Amino acid sequence: MSVNRETKENQVQDLKARFDQNNTFYLLDYVNISVGKSSELRRQLRENDCSLRVVKNRLALRALLEDFPEDIRESFQGPTAVAFTEENPIGLARLLKDFIAQNKILKVKAGIVEGDFLAQDRFKEIASLTSRKDLVARLGYMMAYPLTQFLRSLKAPVTTLGSMMSQLKDKKE
């Protein structure tokens, strides 16, 4: 067994582990990007608990799990990089969208978002969504608002009674 074959098998196993570990990833057309811009993108991804890996298409196709949609396999053509995230698909999409808008060098080919195939034309929709944290905060506010209004309405007669009693006391003195 040659060293080259062993290296490729290790790369396939590493990619298989990453695909299994991360339920969201985006495929990028990795053309005409300088080393400086690539380093900047990787740094931004690392700061947001994401990662980027330039892959050989044949090795990546071997590493893809059988349960991934067939459509994603067709996107492994030309120079390809894979941006992975474990927890924040919308944050990664926003980060990539901002980087692409600033530098105009990359484009998203396709992706898998929480196990579902994402075509290239749907990427902007995902990137424009609000984050999960914001959605949970809005939901919490919407659930708590009626309760606070209810408590205020219960508290109002007691407050009014207290102020009337205070006025009555002041009047008698």
# chains A, B, ... in the order shown; residues from 1 in each chain; ligands from 1
$ select_by_dssp --residues "chain A" --states "strand (DSSP E or B)" --output "list in words"
Thr24, Phe25, Tyr26, Leu27, Leu28, Asp29, Cys50, Ser51, Leu52, Arg53, Val54, Val55, Thr80, Ala81, Val82, Ala83, Phe84, Thr85, Lys107, Val108, Lys109, Ala110, Gly111, Ile112, Val113, Asp116, Phe117, Leu118 and Ala119 of chain A
$ write_last_selection --atoms "C-alpha atoms" --output "PDB file, in the first residue's frame"
ATOM      1  CA  THR A  24     -24.938  21.732   8.243  1.00  0.00           C
ATOM      2  CA  PHE A  25     -22.382  22.525   5.565  1.00  0.00           C
ATOM      3  CA  TYR A  26     -22.141  24.673   2.457  1.00  0.00           C
ATOM      4  CA  LEU A  27     -20.174  23.889  -0.694  1.00  0.00           C
ATOM      5  CA  LEU A  28     -18.231  26.841  -2.063  1.00  0.00           C
ATOM      6  CA  ASP A  29     -16.826  27.384  -5.532  1.00  0.00           C
ATOM      7  CA  CYS A  50     -17.224  27.057  12.088  1.00  0.00           C
ATOM      8  CA  SER A  51     -14.550  25.589   9.848  1.00  0.00           C
ATOM      9  CA  LEU A  52     -13.514  25.501   6.198  1.00  0.00           C
ATOM     10  CA  ARG A  53     -11.909  22.645   4.356  1.00  0.00           C
ATOM     11  CA  VAL A  54     -10.762  22.567   0.735  1.00  0.00           C
ATOM     12  CA  VAL A  55     -11.534  19.094  -0.593  1.00  0.00           C
ATOM     13  CA  THR A  80     -14.596  22.972  -3.904  1.00  0.00           C
ATOM     14  CA  ALA A  81     -14.356  24.065  -0.301  1.00  0.00           C
ATOM     15  CA  VAL A  82     -16.737  22.948   2.426  1.00  0.00           C
ATOM     16  CA  ALA A  83     -17.765  25.286   5.246  1.00  0.00           C
ATOM     17  CA  PHE A  84     -18.960  23.295   8.270  1.00  0.00           C
ATOM     18  CA  THR A  85     -20.975  24.231  11.334  1.00  0.00           C
ATOM     19  CA  LYS A 107     -20.005  31.617  -4.547  1.00  0.00           C
ATOM     20  CA  VAL A 108     -22.089  28.986  -2.847  1.00  0.00           C
ATOM     21  CA  LYS A 109     -22.782  25.904  -4.970  1.00  0.00           C
ATOM     22  CA  ALA A 110     -25.198  24.092  -2.637  1.00  0.00           C
ATOM     23  CA  GLY A 111     -25.451  22.900   0.926  1.00  0.00           C
ATOM     24  CA  ILE A 112     -27.001  20.705   3.550  1.00  0.00           C
ATOM     25  CA  VAL A 113     -28.880  22.630   6.252  1.00  0.00           C
ATOM     26  CA  ASP A 116     -31.913  18.933   4.151  1.00  0.00           C
ATOM     27  CA  PHE A 117     -30.561  19.814   0.710  1.00  0.00           C
ATOM     28  CA  LEU A 118     -30.202  23.523  -0.038  1.00  0.00           C
ATOM     29  CA  ALA A 119     -29.931  24.603  -3.678  1.00  0.00           C
TER      30      ALA A 119
END
$ residues_around --residues "segment 127-129 of chain A" --least-positions-apart "2" --cutoff "8 Å" --atoms "only C-alpha atoms" --output "ChimeraX atom specification"
/A:90-91,93-94,97,123-125,131
$ write_last_selection --atoms "N, CA and C atoms" --output "PDB file, in the first residue's frame"
ATOM      1  N   ILE A  90     -27.605  29.428  10.231  1.00  0.00           N
ATOM      2  CA  ILE A  90     -27.938  30.774   9.756  1.00  0.00           C
ATOM      3  C   ILE A  90     -26.749  31.704   9.947  1.00  0.00           C
ATOM      4  N   GLY A  91     -26.067  31.571  11.065  1.00  0.00           N
ATOM      5  CA  GLY A  91     -24.873  32.390  11.310  1.00  0.00           C
ATOM      6  C   GLY A  91     -23.786  32.135  10.279  1.00  0.00           C
ATOM      7  N   ALA A  93     -24.273  30.986   7.227  1.00  0.00           N
ATOM      8  CA  ALA A  93     -24.758  31.517   5.952  1.00  0.00           C
ATOM      9  C   ALA A  93     -24.568  33.024   5.884  1.00  0.00           C
ATOM     10  N   ARG A  94     -24.873  33.717   6.981  1.00  0.00           N
ATOM     11  CA  ARG A  94     -24.680  35.170   7.014  1.00  0.00           C
ATOM     12  C   ARG A  94     -23.207  35.547   6.869  1.00  0.00           C
ATOM     13  N   LYS A  97     -22.228  34.985   3.293  1.00  0.00           N
ATOM     14  CA  LYS A  97     -22.863  36.000   2.439  1.00  0.00           C
ATOM     15  C   LYS A  97     -22.135  37.332   2.560  1.00  0.00           C
ATOM     16  N   PHE A 123     -29.891  29.865  -1.024  1.00  0.00           N
ATOM     17  CA  PHE A 123     -28.903  30.270  -0.024  1.00  0.00           C
ATOM     18  C   PHE A 123     -29.209  31.653   0.536  1.00  0.00           C
ATOM     19  N   LYS A 124     -29.597  32.610  -0.324  1.00  0.00           N
ATOM     20  CA  LYS A 124     -29.869  33.971   0.143  1.00  0.00           C
ATOM     21  C   LYS A 124     -31.049  34.002   1.105  1.00  0.00           C
ATOM     22  N   GLU A 125     -32.009  33.111   0.918  1.00  0.00           N
ATOM     23  CA  GLU A 125     -33.147  33.032   1.844  1.00  0.00           C
ATOM     24  C   GLU A 125     -32.675  32.640   3.240  1.00  0.00           C
ATOM     25  N   SER A 131     -31.443  34.960  13.418  1.00  0.00           N
ATOM     26  CA  SER A 131     -30.776  33.852  14.095  1.00  0.00           C
ATOM     27  C   SER A 131     -31.736  33.117  15.027  1.00  0.00           C
TER      28      SER A 131
END
$ residues_around --residues "segment 31-39 of chain A" --least-positions-apart "4" --cutoff "10 Å" --atoms "only C-alpha atoms" --output "list in words"
Arg43, Gln44, Leu45, Leu52, Gly78, Pro79, Thr80, Ala81, Phe99, Asn103, Lys104, Ile105, Leu106 and Lys107 of chain A
$ write_last_selection --atoms "C-alpha atoms" --output "compact mmCIF listing (two decimals), in the first residue's frame"
# COMPACT_ATOMS: atom_id res chain seq x y z
CA ARG A 43 -10.22 33.26 10.85
CA GLN A 44 -13.77 34.62 10.71
CA LEU A 45 -15.15 31.08 10.58
CA LEU A 52 -13.51 25.50 6.20
CA GLY A 78 -14.54 22.12 -9.92
CA PRO A 79 -12.51 23.52 -7.02
CA THR A 80 -14.60 22.97 -3.90
CA ALA A 81 -14.36 24.07 -0.30
CA PHE A 99 -17.66 37.70 2.97
CA ASN A 103 -14.78 40.34 -1.67
CA LYS A 104 -16.82 39.12 -4.66
CA ILE A 105 -14.66 36.02 -5.10
CA LEU A 106 -16.57 32.99 -3.83
CA LYS A 107 -20.01 31.62 -4.55
$ atom_distance --atom1 "atom CA of Glu87 of chain A" --atom2 "atom CA of Glu47 of chain A"
13.5 Å
$ closest_residue --among "A:Lys169, A:Lys155, A:Arg132, A:Lys56" --to "Tyr30 of chain A" --atoms "only C-alpha atoms"
A:Lys56
$ select_by_dssp --residues "chain A" --states "alpha helix (DSSP H)" --output "ChimeraX atom specification"
/A:3-21,35-47,57-63,70-74,89-103,123-128,132-172
$ write_last_selection --atoms "C-alpha atoms" --output "mmCIF file, in the first residue's frame"
data_model
loop_
_atom_site.group_PDB
_atom_site.id
_atom_site.type_symbol
_atom_site.label_atom_id
_atom_site.label_comp_id
_atom_site.auth_asym_id
_atom_site.auth_seq_id
_atom_site.Cartn_x
_atom_site.Cartn_y
_atom_site.Cartn_z
ATOM 1 C CA VAL A 3 1.794 6.333 1.198
ATOM 2 C CA ASN A 4 -0.367 8.304 -1.221
ATOM 3 C CA ARG A 5 -3.217 5.793 -0.911
ATOM 4 C CA GLU A 6 -2.932 5.770 2.895
ATOM 5 C CA THR A 7 -3.070 9.567 2.959
ATOM 6 C CA LYS A 8 -6.177 9.564 0.780
ATOM 7 C CA GLU A 9 -7.865 6.959 2.964
ATOM 8 C CA ASN A 10 -7.117 9.075 6.042
ATOM 9 C CA GLN A 11 -8.574 12.142 4.301
ATOM 10 C CA VAL A 12 -11.731 10.199 3.415
ATOM 11 C CA GLN A 13 -12.114 9.022 7.020
ATOM 12 C CA ASP A 14 -11.585 12.562 8.311
ATOM 13 C CA LEU A 15 -14.171 13.962 5.884
ATOM 14 C CA LYS A 16 -16.603 11.191 6.767
ATOM 15 C CA ALA A 17 -16.265 12.103 10.442
ATOM 16 C CA ARG A 18 -16.838 15.795 9.673
ATOM 17 C CA PHE A 19 -19.914 15.082 7.552
ATOM 18 C CA ASP A 20 -21.243 12.861 10.321
ATOM 19 C CA GLN A 21 -20.464 15.364 13.097
ATOM 20 C CA VAL A 35 -4.028 33.265 0.429
ATOM 21 C CA GLY A 36 -4.711 36.414 2.443
ATOM 22 C CA LYS A 37 -8.449 36.330 1.752
ATOM 23 C CA SER A 38 -8.548 32.610 2.463
ATOM 24 C CA SER A 39 -6.816 33.153 5.801
ATOM 25 C CA GLU A 40 -9.230 35.969 6.635
ATOM 26 C CA LEU A 41 -12.239 33.760 5.854
ATOM 27 C CA ARG A 42 -10.862 30.897 7.932
ATOM 28 C CA ARG A 43 -10.216 33.256 10.851
ATOM 29 C CA GLN A 44 -13.772 34.617 10.712
ATOM 30 C CA LEU A 45 -15.149 31.079 10.578
ATOM 31 C CA ARG A 46 -13.032 29.943 13.531
ATOM 32 C CA GLU A 47 -14.219 32.906 15.613
ATOM 33 C CA ASN A 57 -14.149 16.084 -5.103
ATOM 34 C CA ARG A 58 -13.573 12.345 -5.540
ATOM 35 C CA LEU A 59 -12.486 11.937 -1.942
ATOM 36 C CA ALA A 60 -15.405 14.018 -0.671
ATOM 37 C CA LEU A 61 -17.867 11.935 -2.706
ATOM 38 C CA ARG A 62 -16.463 8.767 -1.145
ATOM 39 C CA ALA A 63 -16.807 10.303 2.304
ATOM 40 C CA GLU A 70 -28.265 12.765 -4.400
ATOM 41 C CA ASP A 71 -28.487 16.447 -5.428
ATOM 42 C CA ILE A 72 -25.543 17.362 -3.225
ATOM 43 C CA ARG A 73 -23.297 14.890 -5.043
ATOM 44 C CA GLU A 74 -23.800 16.745 -8.323
ATOM 45 C CA PRO A 89 -26.511 27.266 10.068
ATOM 46 C CA ILE A 90 -27.938 30.774 9.756
ATOM 47 C CA GLY A 91 -24.873 32.390 11.310
ATOM 48 C CA LEU A 92 -22.582 30.535 8.918
ATOM 49 C CA ALA A 93 -24.758 31.517 5.952
ATOM 50 C CA ARG A 94 -24.680 35.170 7.014
ATOM 51 C CA LEU A 95 -20.938 35.071 7.508
ATOM 52 C CA LEU A 96 -20.401 33.571 4.042
ATOM 53 C CA LYS A 97 -22.863 36.000 2.439
ATOM 54 C CA ASP A 98 -21.085 38.990 3.991
ATOM 55 C CA PHE A 99 -17.660 37.703 2.965
ATOM 56 C CA ILE A 100 -18.851 37.060 -0.593
ATOM 57 C CA ALA A 101 -20.452 40.521 -0.809
ATOM 58 C CA GLN A 102 -17.278 42.241 0.445
ATOM 59 C CA ASN A 103 -14.781 40.338 -1.670
ATOM 60 C CA PHE A 123 -28.903 30.270 -0.024
ATOM 61 C CA LYS A 124 -29.869 33.971 0.143
ATOM 62 C CA GLU A 125 -33.147 33.032 1.844
ATOM 63 C CA ILE A 126 -31.297 31.175 4.588
ATOM 64 C CA ALA A 127 -28.750 33.977 4.994
ATOM 65 C CA SER A 128 -31.515 36.562 5.424
ATOM 66 C CA ARG A 132 -32.178 31.092 16.273
ATOM 67 C CA LYS A 133 -31.313 33.083 19.396
ATOM 68 C CA ASP A 134 -33.362 36.070 18.151
ATOM 69 C CA LEU A 135 -36.304 33.844 17.237
ATOM 70 C CA VAL A 136 -36.296 32.224 20.684
ATOM 71 C CA ALA A 137 -36.142 35.673 22.313
ATOM 72 C CA ARG A 138 -39.117 36.852 20.245
ATOM 73 C CA LEU A 139 -41.078 33.739 21.123
ATOM 74 C CA GLY A 140 -40.336 34.234 24.817
ATOM 75 C CA TYR A 141 -41.466 37.851 24.617
ATOM 76 C CA MET A 142 -44.667 36.875 22.799
ATOM 77 C CA MET A 143 -45.418 34.270 25.461
ATOM 78 C CA ALA A 144 -44.611 36.549 28.402
ATOM 79 C CA TYR A 145 -46.373 39.705 27.179
ATOM 80 C CA PRO A 146 -49.982 38.510 27.772
ATOM 81 C CA LEU A 147 -49.030 37.301 31.247
ATOM 82 C CA THR A 148 -47.496 40.651 32.189
ATOM 83 C CA GLN A 149 -50.579 42.457 30.900
ATOM 84 C CA PHE A 150 -52.782 40.116 32.941
ATOM 85 C CA LEU A 151 -50.725 40.742 36.084
ATOM 86 C CA ARG A 152 -50.902 44.499 35.538
ATOM 87 C CA SER A 153 -54.688 44.323 35.230
ATOM 88 C CA LEU A 154 -54.863 42.318 38.473
ATOM 89 C CA LYS A 155 -52.554 44.747 40.206
ATOM 90 C CA ALA A 156 -54.425 47.884 39.058
ATOM 91 C CA PRO A 157 -57.393 47.658 41.490
ATOM 92 C CA VAL A 158 -55.065 47.045 44.431
ATOM 93 C CA THR A 159 -52.898 50.020 43.437
ATOM 94 C CA THR A 160 -55.965 52.204 42.985
ATOM 95 C CA LEU A 161 -57.338 51.125 46.364
ATOM 96 C CA GLY A 162 -53.991 51.914 47.990
ATOM 97 C CA SER A 163 -53.826 55.393 46.497
ATOM 98 C CA MET A 164 -57.458 56.076 47.474
ATOM 99 C CA MET A 165 -56.693 55.011 51.047
ATOM 100 C CA SER A 166 -53.636 57.251 51.095
ATOM 101 C CA GLN A 167 -55.682 60.207 49.823
ATOM 102 C CA LEU A 168 -58.392 59.496 52.393
ATOM 103 C CA LYS A 169 -55.782 59.411 55.145
ATOM 104 C CA ASP A 170 -54.291 62.722 53.982
ATOM 105 C CA LYS A 171 -57.763 64.271 53.865
ATOM 106 C CA LYS A 172 -58.591 63.258 57.453
#
